[in-house]
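These notes concern the structure reproduced below.
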Amino acid sequence: MSAVTLILMVIALLGALVAVSVRDIVHAIFGLAGALLALAALFTTLGSPLVGAMEVLIYVGGISVAMIFAVMLSPHVGRDLRETPARRLGAALIASLLFAGAALAVLSGPAVPDTPEAAGAFDPALVGHALLGDWLLAFEVLSVVLLLAIMGAVIIATREPPAPADAAPAAEEARP
Amino acid sequence: MTPLTAFNLCALALFCMGLYGVLARKNLIAMLIGVELMLNAASLNALAWGRYGLVDPAHAAVSGQILVLFIIGLAAAEAAIALAIILAVHRHRHSVDVDDLDTLEG
Amino acid sequence: MVLDTPTLTRLALAALAAPLCAFAIAGLALRSRPRAAAALVIASGALTALATLAILALADAPIQQVWTWLRVGDTDLGFGVLLDPRSRLMGAVVGVITLLVQIYSTGYMAHDPGRTRFFALLALFEWAMLGFAYAPDLLQAFIFWELVGLASFFLIGFWYDRPEAIAAAKKAFIMTRVGDVAMLIGLVLLFALAGTLDIRESLDRLHSLLQGHGITSLQVEVAAALLFVGVVGKSAQFPLHTWLPDAMAGPTPVSALLHSATMVAAGVFLFARFEELFLLAPLTRSAALLLTAFTALLAALLASVQVDIKRVWAWSSISQLGTMLAGLAAGGLSSGLFHLTTHAAFKALLFLSAGALIHHYGTQDLRALGRAGARRDRLTMLGLLVGAAALAGIPGFAGFASKEAVLTAVHDVPGRAAATGFALLVIGAGFTAYYVGRVAFLLLRPTAAEPHEPTPPDAHGHPPTTAMSASILTLTLITLALAFAGPLVASLLGQPLPELALAHAVPGIAAVALGLAVAVFDFGRKSSAPPLFERVPALHGLLLRGFYVDAIYQRVFVGAARLCARALHFAETRLLDPAADGLARLTLAMGEGTARGQSGQLQRYIGVAALLLACVALWLGFAE
């Protein structure tokens, strides 16, 4: 395992730490973007440049930007809500318990023998063939899911809130 | 420590950080960030197993990559809908505090 | 002249239908028109009286007409009329006495707001009693028997705003119910033995079965004994006698009716109706003879110390009913029923005269009535004295003839039990004469008021109205005439009255004379010496409290019932209620507890899920 990989891992973890802990949401999103970039690089080192590229395109370029747009739509959306220390502590406790348990399981589990890298295994062309071959049905279903998600997102986000029944006359009275 | 174990632990740490974000943060967008981190932890794990873990590397590698591609695709859909919901909630309730969304209280 | 069977049947049905219709119409349609209700009821009463008298006088062979209204298996449940000498006599007594009481009531109840209800209930009472008297069927007899009890319950508790009337009504109903349960069992047993509900046929079959050894004599004894318990309850014999003195809480006309022709007479009539059964059960008969003779004496003793005129007559009723039943138990059907007839007349007369005095002077206290000038109501006092003379058994009056007939019938029975019964009855007759003399002298020769006696309320009552006087006068004449009716009754019933031998009559007459003499000595002269029973204060107290029978019942039965009730109350409030409440509370708490977990806080749910996941992971980690 190369030093580059280790450094990338550290960067990803640091970015994630920033993403979940800083108060300012925009900073958190930037931390997330940093972590995602590091992860995309890690994917490439794992022999999957296609997936790394997709990660950058969709996550960093799409989702993170969409989040920033959402925050910028209204000053309230990105508001810091000041969690109590007890809340953070409880969450940290649960998360670290899970980490401890899973890490224990990973470390004490049977060692998986390191396999040599197969030639041409990580060729993007192979991925393309698999995607439109064995996985064609899943691929098409995913495309439908995405379409529906876009439509649903549009409907949810654009529907006006129902006016309260007693609010309208009160507003008219208030008007001079 | 084998590379696989290192990647596993890294993914686990990422996942737990995401979980922490989901559990600790009150802002819905911050919670969404935690969810994205958890998804990416899973992606990293899948790729690592595909690279190092399995007997038939040719198929395994492609399988891991395809799984991650699907994860990314679903994450895109999830993020779009989640953001739409957050905006709708904000418009209806004038709040993005998850503690205010307690209509399910028994 | 003798009427043919269909005419007699129609007459009997008319006699039954008239009071029922009057009851229904007066009770339902004439609630706000008391005069019309009274007129209707009296008209129905007159019709019934005429019909029953015609049936009594103008029939010869027994007639039985039954209509089946339900057939169960091989058994017909019938409704009909049985016109044999016994029921004809009883029916006529009921019809005439009820009519006179109804006429009397127009005066006595003239100012009562509930008099429509009163008259309607009188009609119901008459219908029930007549239905019982004419019943040819065990089931019909039992139904009307219970209706008699129901009607008397309503009438005793007529003034339902008076607690003592309510208590008396309940007591009468419940105590007679004790006897009725035994009687119902007896009737069922009788039905099981004979296999038919027809009374006369069942008695015939019983006779032949017993002779052919189809049934044992013990079975017959048990059935007879159970029926006799019913008689004891209905006719207020010891030990179920305490309800009758309390029953005078009802209006006086009701007492007159209740004590003479209806209700208590039903018990006696039941005995007479099943006379053949009792003749087959010598053991029961002896026991009944002893018990009723003992009751006659006991009640006569108790009557001797009462100061309430209605209570005196009430205890005297129990005593006279005992005498009648003793006569019947001795096998003297005609003596017993003759005494029932004369007693019905003179006891109704006594109660109606007493009622007239109470109505006039507003008190029931003998001494107060005397001081208030009861002797000035000449007609009423005449009636009362004639009735008293009849009750005391003074020769020449109705009671003398019938009582001597009973005494002779008892005397003629061989055996020690009958001899004891005879002695008890003779002593009872002596005390009867004593308390009758006491009442007469207290009313006629008032003594000066003693300081602790209650002063009578201001006389705001009315002298008896014409209707009341007419009733009293009629009853006086009937009572006088009945003294000579003995042979008629005997020939009607087909059993001659026993020969009145001097040897048998002497003890009775001597006892009466002695009783009267003591009464004269105690109350008839101007003397401050205390009367007989007051010289022994302990005995006096004992008698005033009726030998504590009521108190013992209160302690034993009411106390036990209360104890049971308390135990059940405890079980309910302390065990069952908390258990049920606890179950409900537990469910509620579980629901609330579960609901508390449902905080609606999204992150708490995720936290719990993650915690569980962490636990599983830890467990897996350590398990490796």
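Residue numbers start at 1 in each chain; chains themselves are named A, B, ... in the order of the structure tokens; ligands are numbered from 1 in the order shown.
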With only C-alpha atoms counted and 8 Å as the cut-off, give the residues of region 60-141 of chain A in contact with region 13-26 of chain B, each with its shortest interatomic distance in Å and the pair that gives it, as JSON lines.
{"residue": "A:Leu81", "atom": "CA", "partner": "B:Lys26", "partner_atom": "CA", "distance": 6.1}
{"residue": "A:Arg82", "atom": "CA", "partner": "B:Lys26", "partner_atom": "CA", "distance": 7.8}
{"residue": "A:Glu83", "atom": "CA", "partner": "B:Lys26", "partner_atom": "CA", "distance": 6.6}
{"residue": "A:Arg87", "atom": "CA", "partner": "B:Ala24", "partner_atom": "CA", "distance": 5.9}
{"residue": "A:Arg88", "atom": "CA", "partner": "B:Ala24", "partner_atom": "CA", "distance": 5.0}
{"residue": "A:Gly90", "atom": "CA", "partner": "B:Ala24", "partner_atom": "CA", "distance": 7.8}
{"residue": "A:Ala91", "atom": "CA", "partner": "B:Ala24", "partner_atom": "CA", "distance": 5.3}
{"residue": "A:Ala92", "atom": "CA", "partner": "B:Tyr20", "partner_atom": "CA", "distance": 5.7}
{"residue": "A:Ile94", "atom": "CA", "partner": "B:Tyr20", "partner_atom": "CA", "distance": 7.8}
{"residue": "A:Ala95", "atom": "CA", "partner": "B:Cys16", "partner_atom": "CA", "distance": 5.1}
{"residue": "A:Ser96", "atom": "CA", "partner": "B:Cys16", "partner_atom": "CA", "distance": 6.9}
{"residue": "A:Leu98", "atom": "CA", "partner": "B:Cys16", "partner_atom": "CA", "distance": 7.1}
{"residue": "A:Phe99", "atom": "CA", "partner": "B:Cys16", "partner_atom": "CA", "distance": 6.2}
Take the residues from that selection and put them in a file with all heavy atoms, as a compact mmCIF listing (two decimals), in the first residue's frame.
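Contents of part-v2.txt, freshly written:
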# COMPACT_ATOMS: atom_id res chain seq x y z
N LEU A 81 -27.83 25.56 14.00
CA LEU A 81 -28.91 25.36 14.98
C LEU A 81 -28.39 25.05 16.38
O LEU A 81 -29.17 24.77 17.28
CB LEU A 81 -29.82 24.22 14.51
CG LEU A 81 -30.64 24.63 13.29
CD1 LEU A 81 -31.29 23.41 12.67
CD2 LEU A 81 -31.69 25.66 13.65
N ARG A 82 -27.11 25.11 16.57
CA ARG A 82 -26.51 25.03 17.92
C ARG A 82 -26.97 23.79 18.70
O ARG A 82 -27.81 23.86 19.58
CB ARG A 82 -26.89 26.28 18.75
CG ARG A 82 -26.36 27.54 18.14
CD ARG A 82 -26.70 28.76 18.95
NE ARG A 82 -26.29 29.94 18.21
CZ ARG A 82 -25.02 30.31 18.09
NH1 ARG A 82 -24.09 29.60 18.69
NH2 ARG A 82 -24.69 31.36 17.39
N GLU A 83 -26.37 22.69 18.32
CA GLU A 83 -26.64 21.47 19.07
C GLU A 83 -26.02 21.54 20.45
O GLU A 83 -24.99 22.16 20.64
CB GLU A 83 -26.08 20.24 18.33
CG GLU A 83 -26.72 19.97 17.01
CD GLU A 83 -26.08 20.77 15.88
OE1 GLU A 83 -25.02 21.40 16.11
OE2 GLU A 83 -26.65 20.77 14.77
N ARG A 87 -25.93 16.29 23.13
CA ARG A 87 -26.40 15.68 21.88
C ARG A 87 -25.22 15.17 21.07
O ARG A 87 -25.20 14.03 20.61
CB ARG A 87 -27.18 16.74 21.13
CG ARG A 87 -27.94 16.25 19.93
CD ARG A 87 -28.50 17.47 19.22
NE ARG A 87 -29.37 17.05 18.14
CZ ARG A 87 -30.70 16.96 18.23
NH1 ARG A 87 -31.29 17.27 19.35
NH2 ARG A 87 -31.41 16.56 17.19
N ARG A 88 -24.23 16.04 20.96
CA ARG A 88 -23.05 15.64 20.18
C ARG A 88 -22.36 14.46 20.85
O ARG A 88 -21.91 13.51 20.18
CB ARG A 88 -22.07 16.82 20.08
CG ARG A 88 -22.55 17.85 19.05
CD ARG A 88 -21.60 19.04 19.01
NE ARG A 88 -22.01 20.00 17.99
CZ ARG A 88 -21.46 20.03 16.76
NH1 ARG A 88 -20.52 19.16 16.43
NH2 ARG A 88 -21.87 20.91 15.88
N GLY A 90 -23.66 12.16 22.84
CA GLY A 90 -24.44 10.93 22.69
C GLY A 90 -24.23 10.35 21.30
O GLY A 90 -23.96 9.15 21.14
N ALA A 91 -24.30 11.22 20.27
CA ALA A 91 -24.12 10.76 18.90
C ALA A 91 -22.72 10.19 18.74
O ALA A 91 -22.53 9.11 18.12
CB ALA A 91 -24.35 11.91 17.94
N ALA A 92 -21.74 10.87 19.29
CA ALA A 92 -20.35 10.40 19.17
C ALA A 92 -20.20 9.05 19.84
O ALA A 92 -19.50 8.16 19.33
CB ALA A 92 -19.40 11.42 19.81
N ILE A 94 -22.50 6.71 20.28
CA ILE A 94 -23.08 5.64 19.47
C ILE A 94 -22.18 5.34 18.27
O ILE A 94 -21.89 4.17 17.97
CB ILE A 94 -24.49 6.06 19.01
CG1 ILE A 94 -25.43 6.12 20.21
CG2 ILE A 94 -25.04 5.06 17.99
CD1 ILE A 94 -26.80 6.64 19.89
N ALA A 95 -21.73 6.40 17.62
CA ALA A 95 -20.90 6.21 16.43
C ALA A 95 -19.61 5.48 16.79
O ALA A 95 -19.18 4.56 16.08
CB ALA A 95 -20.58 7.56 15.78
N SER A 96 -18.99 5.87 17.90
CA SER A 96 -17.73 5.21 18.22
C SER A 96 -17.96 3.77 18.69
O SER A 96 -17.11 2.90 18.46
CB SER A 96 -16.94 5.99 19.28
OG SER A 96 -17.81 6.51 20.24
N LEU A 98 -20.18 1.81 17.46
CA LEU A 98 -20.32 1.07 16.22
C LEU A 98 -18.94 0.87 15.59
O LEU A 98 -18.62 -0.23 15.12
CB LEU A 98 -21.24 1.83 15.27
CG LEU A 98 -21.55 1.11 13.96
CD1 LEU A 98 -22.26 -0.20 14.24
CD2 LEU A 98 -22.40 1.99 13.05
N PHE A 99 -18.16 1.91 15.61
CA PHE A 99 -16.82 1.81 15.03
C PHE A 99 -16.00 0.75 15.74
O PHE A 99 -15.38 -0.11 15.12
CB PHE A 99 -16.10 3.17 15.13
CG PHE A 99 -14.72 3.14 14.56
CD1 PHE A 99 -14.52 3.24 13.17
CD2 PHE A 99 -13.60 3.00 15.37
CE1 PHE A 99 -13.25 3.20 12.66
CE2 PHE A 99 -12.34 2.94 14.84
CZ PHE A 99 -12.16 3.06 13.48
Output as a compact mmCIF listing (two decimals) with C-alpha atoms, in the first residue's frame the set of chain A residues within 7 Å of chain C, with distances taken over only C-alpha atoms.
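selection17.txt, freshly written:
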# COMPACT_ATOMS: atom_id res chain seq x y z
CA ILE A 94 -23.08 5.64 19.47
CA LEU A 97 -19.40 2.14 19.71
CA LEU A 98 -20.32 1.07 16.22
CA GLY A 101 -17.49 -3.14 17.28
CA ALA A 102 -17.07 -3.21 13.52
CA LEU A 104 -12.98 -5.41 16.14
CA ALA A 105 -14.87 -7.63 13.74
CA SER A 108 -10.25 -10.26 14.22
CA GLY A 109 -11.92 -11.70 11.15
Quick one: contact table of chain C to chain B, 9 Å max, nearest atom pair and distance in Å to one decimal per residue, counting only C-alpha atoms, chain and number order, as a tab-separated table?
residue	atom	partner	partner_atom	distance
C:Glu592	CA	B:Gly106	CA	8.5
C:Thr594	CA	B:Gly106	CA	8.1
C:Ala595	CA	B:Gly106	CA	4.5
C:Arg596	CA	B:Gly106	CA	6.5
C:Gly597	CA	B:Gly106	CA	7.7
C:Gln598	CA	B:Gly106	CA	4.9
C:Ser599	CA	B:Glu105	CA	4.6
C:Gly600	CA	B:Glu105	CA	3.8
C:Gln601	CA	B:Asp102	CA	5.5
C:Leu602	CA	B:Val98	CA	7.1
C:Gln603	CA	B:Leu23	CA	5.5
C:Arg604	CA	B:Leu23	CA	7.8
C:Ile606	CA	B:Leu23	CA	7.1
C:Gly607	CA	B:Leu23	CA	6.4
C:Ala610	CA	B:Leu19	CA	8.2
Top pick for closest residue to Pro3 (chain B), considering B:Ala48, B:Ala75, B:Ile81, B:Val96 and counting only C-alpha atoms
B:Ala48
Which polymer residues have any atom within 9 Å of an atom of Ile33 (chain B), counting only C-alpha atoms, with same-chain residues fewer than 3 positions away left out, as a PyMOL selection string?
(chain A and resi 19-20+28-29+32+64+67) or (chain B and resi 18+21-22+28-30+36-38)
Residues near region 138-145 of chain A, anyone? I mean within 9 Å using only C-alpha atoms, not counting same-chain ones fewer than 3 positions away, as a ChimeraX atom specification.
/A:131-132,134-135,148-150 /B:70,73-74,77
Going by DSSP on the backbone, which bits of chain B are alpha helix (DSSP H)? Write them as JSON, numbers by chain, please.
{"B": [3, 4, 5, 6, 7, 8, 9, 10, 11, 12, 13, 14, 15, 16, 17, 18, 19, 20, 21, 22, 23, 24, 28, 29, 30, 31, 32, 33, 34, 35, 36, 37, 38, 39, 40, 41, 42, 43, 44, 45, 46, 47, 48, 57, 58, 59, 60, 61, 62, 63, 64, 65, 66, 67, 68, 69, 70, 71, 72, 73, 74, 75, 76, 77, 78, 79, 80, 81, 82, 83, 84, 85, 86, 87, 88, 89, 90, 91, 92, 93]}
Smallest atom-to-atom distance to Leu40 (chain C): which of C:Val222, C:Ala110, C:Leu8, C:Leu20, using only C-alpha atoms?
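Looking only at the distances to Leu40 (chain C), the closest residue turns out to be C:Leu20.
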Kindly indicate which residue among B:Val89, B:Ala84, B:Leu67, B:Met1 lies nearest to chain A, using only C-alpha atoms for the distances.
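Smallest separation from chain A among the options: B:Ala84.
Minimum atom-to-atom distance to chain B, evaluated using only C-alpha atoms, belongs to A:Pro113 out of A:Gly34, A:Pro113, A:Gly61, A:Gly133.
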Which distance in Å separates CA of Ile509 (chain C) and CA of Ile97 (chain C), to one decimal?
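One can read the CA of Ile509 (chain C) to CA of Ile97 (chain C) distance as 28.7 Å.
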CA of Val410 (chain C) to CA of Ala133 (chain C), distance in Å rounded to a single decimal
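Straight-line distance from CA of Val410 (chain C) to CA of Ala133 (chain C) works out to 25.2 Å.
Distance-wise, CA of Ala165 (chain C) and CA of Ala249 (chain C) end up 5.0 Å apart.
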Which residues come within 7 Å of Glu404 (chain C), counting only C-alpha atoms, excluding same-chain residues fewer than 4 positions away, as a list in words?
Phe400, Thr408 and Ala505 of chain C
Long-range neighbours of Gly80 (chain C) as a PyMOL selection string, 6 Å cut-off, only C-alpha atoms, 4 positions minimum in chain:
chain C and resi 65-67
Write to file, as a PDB file, in the first residue's frame, the residues of the selection just made, with all heavy atoms.
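And here is the file that came out, selection.pdb:
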ATOM      1  N   GLN C  65    -114.398 -27.576  34.039  1.00  0.00           N
ATOM      2  CA  GLN C  65    -114.269 -27.175  32.635  1.00  0.00           C
ATOM      3  C   GLN C  65    -112.863 -26.624  32.453  1.00  0.00           C
ATOM      4  O   GLN C  65    -112.485 -25.636  33.089  1.00  0.00           O
ATOM      5  CB  GLN C  65    -115.309 -26.100  32.315  1.00  0.00           C
ATOM      6  CG  GLN C  65    -115.377 -25.734  30.852  1.00  0.00           C
ATOM      7  CD  GLN C  65    -116.175 -26.762  30.073  1.00  0.00           C
ATOM      8  OE1 GLN C  65    -117.231 -27.167  30.512  1.00  0.00           O
ATOM      9  NE2 GLN C  65    -115.654 -27.198  28.941  1.00  0.00           N
ATOM     10  N   VAL C  66    -112.062 -27.263  31.594  1.00  0.00           N
ATOM     11  CA  VAL C  66    -110.674 -26.841  31.409  1.00  0.00           C
ATOM     12  C   VAL C  66    -110.413 -26.638  29.935  1.00  0.00           C
ATOM     13  O   VAL C  66    -110.818 -27.453  29.115  1.00  0.00           O
ATOM     14  CB  VAL C  66    -109.694 -27.897  31.976  1.00  0.00           C
ATOM     15  CG1 VAL C  66    -108.261 -27.427  31.795  1.00  0.00           C
ATOM     16  CG2 VAL C  66    -109.981 -28.165  33.432  1.00  0.00           C
ATOM     17  N   TRP C  67    -109.772 -25.539  29.626  1.00  0.00           N
ATOM     18  CA  TRP C  67    -109.319 -25.294  28.257  1.00  0.00           C
ATOM     19  C   TRP C  67    -107.814 -25.415  28.254  1.00  0.00           C
ATOM     20  O   TRP C  67    -107.132 -24.778  29.061  1.00  0.00           O
ATOM     21  CB  TRP C  67    -109.743 -23.892  27.783  1.00  0.00           C
ATOM     22  CG  TRP C  67    -111.206 -23.755  27.629  1.00  0.00           C
ATOM     23  CD1 TRP C  67    -111.937 -24.026  26.505  1.00  0.00           C
ATOM     24  CD2 TRP C  67    -112.136 -23.331  28.624  1.00  0.00           C
ATOM     25  NE1 TRP C  67    -113.258 -23.791  26.732  1.00  0.00           N
ATOM     26  CE2 TRP C  67    -113.418 -23.355  28.026  1.00  0.00           C
ATOM     27  CE3 TRP C  67    -112.029 -22.934  29.948  1.00  0.00           C
ATOM     28  CZ2 TRP C  67    -114.563 -23.006  28.709  1.00  0.00           C
ATOM     29  CZ3 TRP C  67    -113.159 -22.579  30.642  1.00  0.00           C
ATOM     30  CH2 TRP C  67    -114.426 -22.625  30.016  1.00  0.00           C
TER      31      TRP C  67
END
Skip region 476-482 of chain C itself and residues of its chain fewer than 5 positions away, then list as an mmCIF file with N, CA, C and O atoms, in the first residue's frame all residues within 6 Å of it, counting only C-alpha atoms.
data_model
loop_
_atom_site.group_PDB
_atom_site.id
_atom_site.type_symbol
_atom_site.label_atom_id
_atom_site.label_comp_id
_atom_site.auth_asym_id
_atom_site.auth_seq_id
_atom_site.Cartn_x
_atom_site.Cartn_y
_atom_site.Cartn_z
ATOM 1 N N ALA C 345 -116.247 -13.488 57.888
ATOM 2 C CA ALA C 345 -117.265 -12.470 58.140
ATOM 3 C C ALA C 345 -116.916 -11.632 59.363
ATOM 4 O O ALA C 345 -116.875 -10.403 59.302
ATOM 5 N N PHE C 346 -116.654 -12.313 60.490
ATOM 6 C CA PHE C 346 -116.495 -11.482 61.694
ATOM 7 C C PHE C 346 -115.149 -10.773 61.743
ATOM 8 O O PHE C 346 -115.038 -9.697 62.313
ATOM 9 N N GLY C 383 -121.371 -3.210 65.673
ATOM 10 C CA GLY C 383 -120.690 -4.153 64.777
ATOM 11 C C GLY C 383 -119.488 -4.759 65.449
ATOM 12 O O GLY C 383 -119.270 -5.974 65.418
ATOM 13 N N ALA C 398 -121.656 -16.597 65.763
ATOM 14 C CA ALA C 398 -121.114 -17.421 64.680
ATOM 15 C C ALA C 398 -119.869 -18.188 65.111
ATOM 16 O O ALA C 398 -119.718 -19.374 64.844
#
